[in-house]
Protein chains: 2
Amino acid sequence: MQTLLTVAYDGTNYSGWQRQQNAIAVQQRLEEALSALLNQPITTKASSRTDAGVHALGQRVAFFTEKISIPMEKLPQVINGFLPKDIAVTAAEVVPDEFNPRFDAKYKTYNYNIYNASIPNPLINRYSVHIPQPIDVEAMENALSMFIGRHDFAAFMATGGSAKTTVREIYDFSVVRQPSGLITLSVTGNGFLYNMVRIMAGTMLYIGLGKLPSYAVSDIILSLDRTKAGKTMPPEGLTLHEVGYTTYRQME
Amino acid sequence: MQTLLTVAYDGTNYSGWQRQQNAIAVQQRLEEALSALLNQPITTKASSRTDAGVHALGQRVAFFTEKISIPMEKLPQVINGFLPKDIAVTAAEVVPDEFNPRFDAKYKTYNYNIYNASIPNPLINRYSVHIPQPIDVEAMENALSMFIGRHDFAAFMATGGSAKTTVREIYDFSVVRQPSGLITLSVTGNGFLYNMVRIMAGTMLYIGLGKLPSYAVSDIILSLDRTKAGKTMPPEGLTLHEVGYTTYRQME
């Protein structure tokens, strides 16, 4: 049988999702916990290979086993007893054997947090990037709609990406400033190129800082030129918020 | 001259505020940064000796120097360049030589965070205590007012406290549940005994879980008996929110 987990983690101390030599990945910790709990070697497949330092609230992870004796609704709590405090399984369900957590994903939502205050806050630092200069959120808002739709996002892909096509569809993109000074960019699409969200966030930041005009986004997309977009923002501001396996519907 | 800093820190990786042998304290890191920046050995005095693992947003810390050439309004940013990411100076001002950051404090506000959801959240874990059982916030609300006022809080002091008197005055005590599941207890008083806020939080939790009735608080206070109150809650839920040097006024 195949089981699909929803997994949350603080990525600060990990080399990313994917298991690798010489560094601790979230996948390794989770597979160790599952193997110890279920008393058989477990290999997992995730919906998204999050990078080093990137966080997740809604990563989805699937694995095959013989029938499990633990009831599905109890599984998260039981696995969490085998996991460090910075990783937690938040849900578990049985899925068909032919289900693939990566290729069956219909949409993914990522959040990027910018902490916009003159002085950094150590209780927010870990999950955001601190920008002391004033940010014009209205200028950012004016740029959002240019990302929506089906575009060739080659200008928003870091070198090292292995995608067959650089065309992606963005369903939704929003920016909210909270009274605390936290600015959250939230973007939903059918998939994202390597570092795409972090480059989108860097481009939006340039717009918020007045280094690029809002209307530049269309030209940057059309240029297909990485050097025209903003810088790649650091990983700690990024959280994989949700992966959806049904058609995306924008919330009213 | 004497300078008063406002200091924020993530206490997770520290043995508390106070410098000690064989463990890294926030005081040590801050004194190292100040000494390196100002090129003279600096000794600091804090308003509160926060315990290992306890966080701060508004710790106040004073130190003496010869005249400083850096303008006061630039000082936080400059010191932060010498500090690790989990400690930040958020404000600086000159105070009279006779000012004492501990004894001149008129009130202190502490927040205690409980994350009340069936499953833990690794992005909230670090600054809260996870309680999966349902918590009745209304029952907690009914108990709040019994803490307000001047009382002998001997029942709310851990052994090891060195206070001359166990009488303290509580000015304000509130509880708020956010949609995220985070329950924040916020308490303001003229001072707190050793572990007092964490024992108050443990007592409130017992009330929220139905292990104690709301009306028990008055009896517990009158008993002067530590064994009658709730357990001492863990440090990670606690944040020193503010220290005030003027008379406390409740916000409308």
# chains A, B, ... in the order shown; residues from 1 in each chain; ligands from 1
$ residues_around --residues "range 31-38 of chain B" --least-positions-apart "5" --cutoff "12 Å" --atoms "only C-alpha atoms" --output "PyMOL selection string"
chain B and resi 3+5+17-19+24-26+43-46+61-70+75-84+87-89
$ select_by_dssp --residues "range 29-140 of chain B" --states "alpha helix (DSSP H)" --output "VMD selection string"
chain B and resid 29 to 38 75 to 80 137 to 140
$ select_by_dssp --residues "range 111-246 of chain A" --states "strand (DSSP E or B)" --output "MDAnalysis selection string"
chainID A and resid 111:115 129:130 149:152 167:177 182:189 238:244
$ closest_atom_pairs --of "chain A" --to "chain B" --cutoff "6 Å" --atoms "only C-alpha atoms" --output "CSV"
residue,atom,partner,partner_atom,distance
A:Tyr9,CA,B:Pro122,CA,5.4
A:Asp10,CA,B:Pro122,CA,5.6
A:Asp86,CA,B:Pro122,CA,4.8
A:Ile87,CA,B:Pro122,CA,5.9
A:Thr90,CA,B:Ile119,CA,5.8
A:Ile119,CA,B:Thr90,CA,5.8
A:Pro122,CA,B:Asp86,CA,4.8
A:Leu123,CA,B:Asp10,CA,5.7
$ closest_residue --among "A:Leu182, A:Met1, A:Met72, A:Val137" --to "Ile207 in chain A" --atoms "only C-alpha atoms"
A:Val137
$ closest_residue --among "A:Ala139, A:Ile183, A:Ile170, A:Ile199" --to "Tyr215 in chain A" --atoms "only C-alpha atoms"
A:Ala139
$ closest_residue --among "B:Asp172, B:Thr184, B:Thr246, B:Glu236" --to "Asn13 in chain B" --atoms "only C-alpha atoms"
B:Glu236
$ residues_around --residues "Glu169 in chain B" --least-positions-apart "4" --cutoff "6 Å" --atoms "only C-alpha atoms" --output "list in words"
Gly149, Arg150, Gly189 and Asn190 of chain B
$ residues_around --residues "Gln59 in chain B" --least-positions-apart "5" --cutoff "8 Å" --atoms "only C-alpha atoms" --output "PDB file with C-alpha atoms, in the first residue's frame"
ATOM      1  CA  THR B   6      16.647  47.326  24.505  1.00  0.00           C
ATOM      2  CA  VAL B   7      17.632  43.795  23.542  1.00  0.00           C
ATOM      3  CA  ALA B   8      15.706  41.004  21.783  1.00  0.00           C
ATOM      4  CA  ALA B  46      20.077  43.658  32.890  1.00  0.00           C
ATOM      5  CA  SER B  47      16.562  44.347  34.132  1.00  0.00           C
ATOM      6  CA  SER B  48      15.747  40.604  34.312  1.00  0.00           C
ATOM      7  CA  LEU B 240      10.090  38.872  28.262  1.00  0.00           C
ATOM      8  CA  HIS B 241       7.985  41.295  26.287  1.00  0.00           C
ATOM      9  CA  GLU B 242       8.572  44.688  27.890  1.00  0.00           C
ATOM     10  CA  VAL B 243      10.195  46.403  30.838  1.00  0.00           C
TER      11      VAL B 243
END
$ closest_residue --among "A:Ala155, A:Val175, A:Leu209, A:Ile135" --to "Tyr110 in chain A" --atoms "only C-alpha atoms"
A:Val175
$ residues_around --residues "Ala216 in chain B" --least-positions-apart "6" --cutoff "10 Å" --atoms "only C-alpha atoms" --output "NGL selection string"
:B and (143 or 146 or 203 or 207 or 228-229)
$ write_last_selection --atoms "all heavy atoms" --output "PDB file, in the first residue's frame"
ATOM      1  N   ALA B 143     -10.569  33.065  35.351  1.00  0.00           N
ATOM      2  CA  ALA B 143      -9.594  33.008  36.449  1.00  0.00           C
ATOM      3  C   ALA B 143      -8.673  34.222  36.490  1.00  0.00           C
ATOM      4  O   ALA B 143      -8.062  34.514  37.526  1.00  0.00           O
ATOM      5  CB  ALA B 143      -8.754  31.744  36.323  1.00  0.00           C
ATOM      6  N   MET B 146      -8.538  36.995  39.366  1.00  0.00           N
ATOM      7  CA  MET B 146      -8.119  36.618  40.729  1.00  0.00           C
ATOM      8  C   MET B 146      -6.633  36.852  40.962  1.00  0.00           C
ATOM      9  O   MET B 146      -6.186  36.958  42.098  1.00  0.00           O
ATOM     10  CB  MET B 146      -8.464  35.153  40.993  1.00  0.00           C
ATOM     11  CG  MET B 146      -9.960  34.959  41.202  1.00  0.00           C
ATOM     12  SD  MET B 146     -10.399  33.212  41.339  1.00  0.00           S
ATOM     13  CE  MET B 146     -11.336  33.027  39.834  1.00  0.00           C
ATOM     14  N   THR B 203      -0.703  26.860  35.937  1.00  0.00           N
ATOM     15  CA  THR B 203      -1.968  26.853  36.675  1.00  0.00           C
ATOM     16  C   THR B 203      -3.124  27.188  35.728  1.00  0.00           C
ATOM     17  O   THR B 203      -4.186  26.546  35.763  1.00  0.00           O
ATOM     18  CB  THR B 203      -1.893  27.878  37.830  1.00  0.00           C
ATOM     19  OG1 THR B 203      -0.743  27.564  38.625  1.00  0.00           O
ATOM     20  CG2 THR B 203      -3.142  27.842  38.689  1.00  0.00           C
ATOM     21  N   ILE B 207      -6.444  24.928  34.480  1.00  0.00           N
ATOM     22  CA  ILE B 207      -7.826  25.441  34.429  1.00  0.00           C
ATOM     23  C   ILE B 207      -8.399  25.239  33.023  1.00  0.00           C
ATOM     24  O   ILE B 207      -9.526  24.762  32.865  1.00  0.00           O
ATOM     25  CB  ILE B 207      -7.848  26.932  34.858  1.00  0.00           C
ATOM     26  CG1 ILE B 207      -7.539  27.030  36.356  1.00  0.00           C
ATOM     27  CG2 ILE B 207      -9.198  27.580  34.526  1.00  0.00           C
ATOM     28  CD1 ILE B 207      -7.232  28.429  36.849  1.00  0.00           C
ATOM     29  N   LYS B 228       0.053  23.402  45.565  1.00  0.00           N
ATOM     30  CA  LYS B 228      -1.351  23.588  45.164  1.00  0.00           C
ATOM     31  C   LYS B 228      -1.480  24.161  43.742  1.00  0.00           C
ATOM     32  O   LYS B 228      -2.495  23.972  43.083  1.00  0.00           O
ATOM     33  CB  LYS B 228      -2.064  24.544  46.135  1.00  0.00           C
ATOM     34  CG  LYS B 228      -2.161  24.033  47.573  1.00  0.00           C
ATOM     35  CD  LYS B 228      -3.291  23.041  47.730  1.00  0.00           C
ATOM     36  CE  LYS B 228      -3.585  22.715  49.188  1.00  0.00           C
ATOM     37  NZ  LYS B 228      -2.548  21.841  49.799  1.00  0.00           N
ATOM     38  N   ALA B 229      -0.446  24.876  43.278  1.00  0.00           N
ATOM     39  CA  ALA B 229      -0.505  25.519  41.949  1.00  0.00           C
ATOM     40  C   ALA B 229      -0.146  24.514  40.858  1.00  0.00           C
ATOM     41  O   ALA B 229       0.247  23.380  41.140  1.00  0.00           O
ATOM     42  CB  ALA B 229       0.437  26.727  41.913  1.00  0.00           C
TER      43      ALA B 229
END
$ residues_around --residues "Ala163 in chain A" --least-positions-apart "2" --cutoff "12 Å" --atoms "only C-alpha atoms" --output "ChimeraX atom specification"
/A:152-154,157-161,165-168,191-196
$ write_last_selection --atoms "all heavy atoms" --output "tab-separated table (two decimals), in the first residue's frame"
chain	number	residue	atom	x	y	z
A	152	ASP	N	6.45	31.85	-20.33
A	152	ASP	CA	7.78	31.25	-20.31
A	152	ASP	C	8.58	32.01	-19.26
A	152	ASP	O	8.89	33.20	-19.43
A	152	ASP	CB	8.44	31.36	-21.69
A	152	ASP	CG	9.77	30.63	-21.74
A	152	ASP	OD1	10.42	30.48	-20.66
A	152	ASP	OD2	10.16	30.19	-22.83
A	153	PHE	N	8.90	31.34	-18.15
A	153	PHE	CA	9.57	32.00	-17.03
A	153	PHE	C	11.09	31.78	-17.03
A	153	PHE	O	11.71	31.74	-15.98
A	153	PHE	CB	8.96	31.54	-15.71
A	153	PHE	CG	7.62	32.16	-15.41
A	153	PHE	CD1	6.44	31.44	-15.56
A	153	PHE	CD2	7.53	33.48	-14.96
A	153	PHE	CE1	5.19	32.02	-15.28
A	153	PHE	CE2	6.30	34.06	-14.68
A	153	PHE	CZ	5.13	33.33	-14.85
A	154	ALA	N	11.67	31.64	-18.22
A	154	ALA	CA	13.13	31.41	-18.31
A	154	ALA	C	13.93	32.50	-17.58
A	154	ALA	O	14.99	32.21	-17.01
A	154	ALA	CB	13.56	31.34	-19.78
A	157	MET	N	14.59	31.56	-13.77
A	157	MET	CA	15.16	30.26	-13.42
A	157	MET	C	16.65	30.42	-13.18
A	157	MET	O	17.37	30.98	-14.01
A	157	MET	CB	14.93	29.23	-14.52
A	157	MET	CG	15.48	27.86	-14.14
A	157	MET	SD	15.10	26.57	-15.37
A	157	MET	CE	16.16	27.07	-16.72
A	158	ALA	N	17.13	29.89	-12.05
A	158	ALA	CA	18.56	29.89	-11.78
A	158	ALA	C	19.24	28.84	-12.65
A	158	ALA	O	18.61	27.85	-13.03
A	158	ALA	CB	18.81	29.59	-10.30
A	159	THR	N	20.50	29.05	-12.96
A	159	THR	CA	21.27	28.02	-13.67
A	159	THR	C	21.31	26.78	-12.78
A	159	THR	O	21.34	26.87	-11.56
A	159	THR	CB	22.70	28.49	-13.98
A	159	THR	OG1	23.26	28.97	-12.76
A	159	THR	CG2	22.70	29.60	-15.00
A	160	GLY	N	21.28	25.63	-13.41
A	160	GLY	CA	21.24	24.39	-12.62
A	160	GLY	C	19.88	23.74	-12.67
A	160	GLY	O	19.71	22.60	-12.25
A	161	GLY	N	18.88	24.46	-13.20
A	161	GLY	CA	17.55	23.87	-13.35
A	161	GLY	C	17.57	22.86	-14.49
A	161	GLY	O	18.32	23.01	-15.45
A	165	THR	N	10.74	22.14	-20.00
A	165	THR	CA	10.19	23.39	-20.53
A	165	THR	C	10.23	24.44	-19.42
A	165	THR	O	10.13	24.10	-18.24
A	165	THR	CB	8.73	23.20	-21.01
A	165	THR	OG1	8.11	24.48	-21.12
A	165	THR	CG2	7.92	22.37	-20.03
A	166	THR	N	10.38	25.70	-19.80
A	166	THR	CA	10.39	26.77	-18.81
A	166	THR	C	9.04	27.49	-18.75
A	166	THR	O	8.92	28.56	-18.16
A	166	THR	CB	11.54	27.77	-19.09
A	166	THR	OG1	11.52	28.10	-20.50
A	166	THR	CG2	12.89	27.15	-18.77
A	167	VAL	N	8.02	26.88	-19.39
A	167	VAL	CA	6.67	27.44	-19.33
A	167	VAL	C	5.98	26.95	-18.06
A	167	VAL	O	5.98	25.76	-17.77
A	167	VAL	CB	5.85	27.05	-20.57
A	167	VAL	CG1	4.39	27.52	-20.42
A	167	VAL	CG2	6.46	27.66	-21.83
A	168	ARG	N	5.43	27.89	-17.30
A	168	ARG	CA	4.67	27.54	-16.11
A	168	ARG	C	3.43	28.43	-16.06
A	168	ARG	O	3.41	29.51	-16.66
A	168	ARG	CB	5.50	27.78	-14.84
A	168	ARG	CG	6.70	26.84	-14.67
A	168	ARG	CD	6.26	25.41	-14.37
A	168	ARG	NE	7.39	24.51	-14.15
A	168	ARG	CZ	8.09	23.91	-15.10
A	168	ARG	NH1	7.81	24.13	-16.38
A	168	ARG	NH2	9.09	23.09	-14.80
A	191	GLY	N	3.51	24.75	-11.03
A	191	GLY	CA	4.84	24.25	-10.77
A	191	GLY	C	5.80	25.41	-10.85
A	191	GLY	O	5.43	26.49	-11.34
A	192	PHE	N	7.00	25.21	-10.34
A	192	PHE	CA	7.97	26.31	-10.32
A	192	PHE	C	9.33	25.81	-10.77
A	192	PHE	O	9.74	24.69	-10.45
A	192	PHE	CB	8.06	26.89	-8.90
A	192	PHE	CG	6.78	27.55	-8.45
A	192	PHE	CD1	5.81	26.82	-7.75
A	192	PHE	CD2	6.51	28.87	-8.77
A	192	PHE	CE1	4.62	27.42	-7.37
A	192	PHE	CE2	5.32	29.46	-8.39
A	192	PHE	CZ	4.37	28.74	-7.69
A	193	LEU	N	10.04	26.64	-11.51
A	193	LEU	CA	11.40	26.33	-11.96
A	193	LEU	C	12.37	26.45	-10.78
A	193	LEU	O	12.01	26.96	-9.72
A	193	LEU	CB	11.80	27.29	-13.09
A	193	LEU	CG	10.86	27.28	-14.30
A	193	LEU	CD1	11.14	28.48	-15.20
A	193	LEU	CD2	11.02	25.97	-15.07
A	194	TYR	N	13.61	26.04	-11.01
A	194	TYR	CA	14.61	26.07	-9.96
A	194	TYR	C	14.83	27.52	-9.48
A	194	TYR	O	15.15	28.41	-10.28
A	194	TYR	CB	15.93	25.47	-10.48
A	194	TYR	CG	16.99	25.35	-9.43
A	194	TYR	CD1	16.74	24.68	-8.23
A	194	TYR	CD2	18.25	25.91	-9.61
A	194	TYR	CE1	17.71	24.58	-7.25
A	194	TYR	CE2	19.23	25.81	-8.64
A	194	TYR	CZ	18.96	25.15	-7.46
A	194	TYR	OH	19.93	25.06	-6.49
A	195	ASN	N	14.60	27.75	-8.18
A	195	ASN	CA	14.74	29.08	-7.54
A	195	ASN	C	13.73	30.11	-8.04
A	195	ASN	O	13.87	31.31	-7.75
A	195	ASN	CB	16.15	29.64	-7.72
A	195	ASN	CG	17.13	29.08	-6.70
A	195	ASN	OD1	16.73	28.35	-5.79
A	195	ASN	ND2	18.40	29.40	-6.82
A	196	MET	N	12.71	29.69	-8.77
A	196	MET	CA	11.78	30.64	-9.39
A	196	MET	C	11.10	31.55	-8.36
A	196	MET	O	11.02	32.77	-8.57
A	196	MET	CB	10.73	29.87	-10.20
A	196	MET	CG	9.69	30.74	-10.86
A	196	MET	SD	8.74	29.74	-12.07
A	196	MET	CE	7.25	30.73	-12.23
$ closest_residue --among "B:Ile220, B:Leu4, B:Leu238, B:Met200" --to "Arg102 in chain B" --atoms "only C-alpha atoms"
B:Leu4
